[in-house]
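Asks: PDB, C-alpha atoms, file query-v7.pdb:
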```pdb
ATOM      1  CA  MET A  26     -86.674 111.939  95.539
ATOM      2  CA  THR A  27     -85.435 114.941  93.563
ATOM      3  CA  LYS A  28     -87.308 115.703  90.380
ATOM      4  CA  ILE A  29     -85.228 116.696  87.359
ATOM      5  CA  LYS A  30     -86.469 119.995  85.901
ATOM      6  CA  SER A  31     -84.258 120.159  82.853
ATOM      7  CA  GLU A  32     -81.614 118.091  81.191
ATOM      8  CA  TYR A  33     -78.564 119.158  79.188
ATOM      9  CA  LEU A  34     -77.107 116.706  76.698
ATOM     10  CA  GLY A  35     -73.707 117.294  75.194
ATOM     11  CA  VAL A  36     -73.691 115.023  72.181
ATOM     12  CA  GLU A  37     -71.309 113.450  69.699
ATOM     13  CA  SER A  38     -72.807 114.421  66.372
ATOM     14  CA  SER A  39     -71.649 116.082  63.178
ATOM     15  CA  PHE A  40     -74.990 117.918  63.072
ATOM     16  CA  VAL A  41     -75.999 118.799  66.654
ATOM     17  CA  ALA A  42     -73.739 120.471  69.241
ATOM     18  CA  SER A  43     -76.005 120.100  72.277
ATOM     19  CA  LEU A  44     -79.567 119.670  73.495
ATOM     20  CA  ARG A  45     -81.385 121.083  76.509
ATOM     21  CA  TYR A  46     -84.780 119.711  77.495
ATOM     22  CA  THR A  47     -87.142 121.287  80.040
ATOM     23  CA  TYR A  48     -89.637 118.791  81.429
ATOM     24  CA  ALA A  49     -92.289 121.235  82.693
ATOM     25  CA  SER A  50     -92.661 123.052  79.373
ATOM     26  CA  ARG A  51     -91.738 120.072  77.159
ATOM     27  CA  LYS A  52     -89.431 122.325  75.182
ATOM     28  CA  LEU A  53     -86.240 121.187  73.546
ATOM     29  CA  LEU A  54     -83.512 123.691  72.728
ATOM     30  CA  VAL A  55     -81.180 122.489  70.015
ATOM     31  CA  PHE A  56     -77.833 124.110  69.389
ATOM     32  CA  TYR A  57     -76.417 123.177  66.007
ATOM     33  CA  LYS A  58     -72.755 123.065  65.094
ATOM     34  CA  SER A  59     -73.481 125.771  62.513
ATOM     35  CA  GLY A  60     -74.188 128.153  65.407
ATOM     36  CA  ALA A  61     -77.960 128.209  64.879
ATOM     37  CA  ALA A  62     -80.324 127.505  67.770
ATOM     38  CA  TYR A  63     -83.937 126.343  67.630
ATOM     39  CA  GLU A  64     -86.645 125.694  70.192
ATOM     40  CA  TYR A  65     -88.931 122.719  69.565
ATOM     41  CA  SER A  66     -92.207 122.604  71.481
ATOM     42  CA  ASP A  67     -94.385 119.803  72.847
ATOM     43  CA  VAL A  68     -91.586 117.227  72.866
ATOM     44  CA  LYS A  69     -92.550 114.318  75.094
ATOM     45  CA  PRO A  70     -90.142 112.994  77.763
ATOM     46  CA  LYS A  71     -90.240 109.534  76.167
ATOM     47  CA  THR A  72     -88.941 111.093  72.949
ATOM     48  CA  ILE A  73     -85.936 112.547  74.772
ATOM     49  CA  LYS A  74     -85.303 109.136  76.304
ATOM     50  CA  LYS A  75     -85.259 107.577  72.811
ATOM     51  CA  ILE A  76     -82.828 110.206  71.545
ATOM     52  CA  ARG A  77     -80.565 109.765  74.575
ATOM     53  CA  LYS A  78     -80.353 106.001  73.979
ATOM     54  CA  ALA A  79     -79.866 106.205  70.200
ATOM     55  CA  LYS A  80     -76.642 105.114  68.543
ATOM     56  CA  SER A  81     -76.814 108.234  66.356
ATOM     57  CA  ILE A  82     -78.189 111.464  67.833
ATOM     58  CA  GLY A  83     -78.573 112.972  64.357
ATOM     59  CA  VAL A  84     -80.593 110.048  62.996
ATOM     60  CA  ALA A  85     -82.797 109.939  66.100
ATOM     61  CA  PHE A  86     -83.286 113.703  66.011
ATOM     62  CA  HIS A  87     -84.427 113.541  62.377
ATOM     63  CA  LYS A  88     -86.730 110.610  63.113
ATOM     64  CA  TYR A  89     -88.396 111.891  66.295
ATOM     65  CA  ILE A  90     -88.114 115.689  66.274
ATOM     66  CA  LEU A  91     -87.303 117.416  63.015
ATOM     67  CA  ASN A  92     -90.526 116.681  61.142
ATOM     68  CA  ASN A  93     -92.758 116.057  64.156
ATOM     69  CA  ALA A  94     -92.512 119.142  66.363
ATOM     70  CA  ASN A  95     -93.314 122.828  66.081
ATOM     71  CA  PHE A  96     -90.226 125.009  66.220
ATOM     72  CA  LYS A  97     -88.905 128.526  66.138
ATOM     73  CA  LYS A  98     -85.454 129.885  65.413
ATOM     74  CA  LEU A  99     -83.815 131.648  68.354
TER
END
```
Now that the file is in, can you turn its structure into structure tokens?
Replies:
Amino acid sequence: MTKIKSEYLGVESSFVASLRYTYASRKLLVFYKSGAAYEYSDVKPKTIKKIRKAKSIGVAFHKYILNNANFKKL
């Protein structure tokens, strides 16, 4: 069985352009429609699964990531 190392999510959102998650480092790169990019650290795989299944990526991102993870602007 092949293990997925990272995952790219192109999303339909008025807020987020795309997401890239790296499983080994538990880092989430978020590219915003404004052109800004941020790296969020210590994001658990189950959190990415919740975001992927959400009806609204923006709402899920705010709920699970925005106020719950350390970040830095890239």
Asks: Quick one: residues within 9 Å of Ile90 in chain A, only C-alpha atoms, excluding same-chain residues fewer than 6 positions away - as an MDAnalysis selection string?
Replies: chainID A and resid 65 68 72
Asks: For the file shown, report as an MDAnalysis selection string the outcome of the PyMOL selection byres ((chain A and resi 98) around 8) at residue level.
Replies: chainID A and resid 61:64 96:97 99
Asks: With 3 Å on each side, where is the centre of the axis-aligned box around all listed atoms of range 53-68 of chain A, and how long are its edges in Å to one decimal, as lines of an AutoDock Vina configuration file?
Replies:
```
center_x = -83.6
center_y = 122.7
center_z = 68.0
size_x = 27.6
size_y = 17.0
size_z = 17.0
```
Asks: To one decimal place in Å, what is the distance between CA of Ser39 in chain A and CA of Asn93 in chain A?
Replies: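 These two atoms are separated by 21.1 Å.
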Asks: Between A:Val55, A:Ile82, A:Ala49, A:Leu91, single out the one closest to Ile29 in chain A, counting only C-alpha atoms.
Replies: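 The shortest atom-to-atom distance to Ile29 in chain A comes from A:Ala49.
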Asks: Pick out the residues sitting within 10 Å of Ile73 in chain A, and hand them over as a list in words; count all atoms listed in the file, and ignore anything fewer than 4 positions along from it in its own chain.
Replies: Glu32, Leu34, Leu44, Arg45, Tyr46, Tyr48, Arg51, Leu53, Val68, Lys69, Arg77, Lys78, Ala79, Ala85, Phe86, Tyr89 and Ile90 of chain A
Asks: Just how far from CA of Lys30 in chain A is CA of Tyr57 in chain A, in Å to one decimal?
Replies: 22.5 Å
Asks: CA of Ser81 in chain A and CA of Lys58 in chain A are how many Å apart?
Replies: 15.4 Å
Asks: Counting all atoms listed in the file, figure out which residue out of A:Val36, A:Lys28, A:Ser50, A:Ala94 gets nearest to Lys80 in chain A.
Replies: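 Residue with the minimum atom-to-atom distance to Lys80 in chain A: A:Val36.
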Asks: Of the residues A:Asp67, A:Lys75, A:Gly60, A:Val84, which is the one nearest to Ser38 in chain A, using all atoms listed in the file?
Replies: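 Closest candidate: A:Val84.
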Asks: With only C-alpha atoms as the basis for distance, which of A:Ser59, A:Gly35, A:Asn92, A:Ser66 is at the shortest distance from Thr47 in chain A?
Replies: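 The answer is A:Ser66, which sits nearest to Thr47 in chain A.
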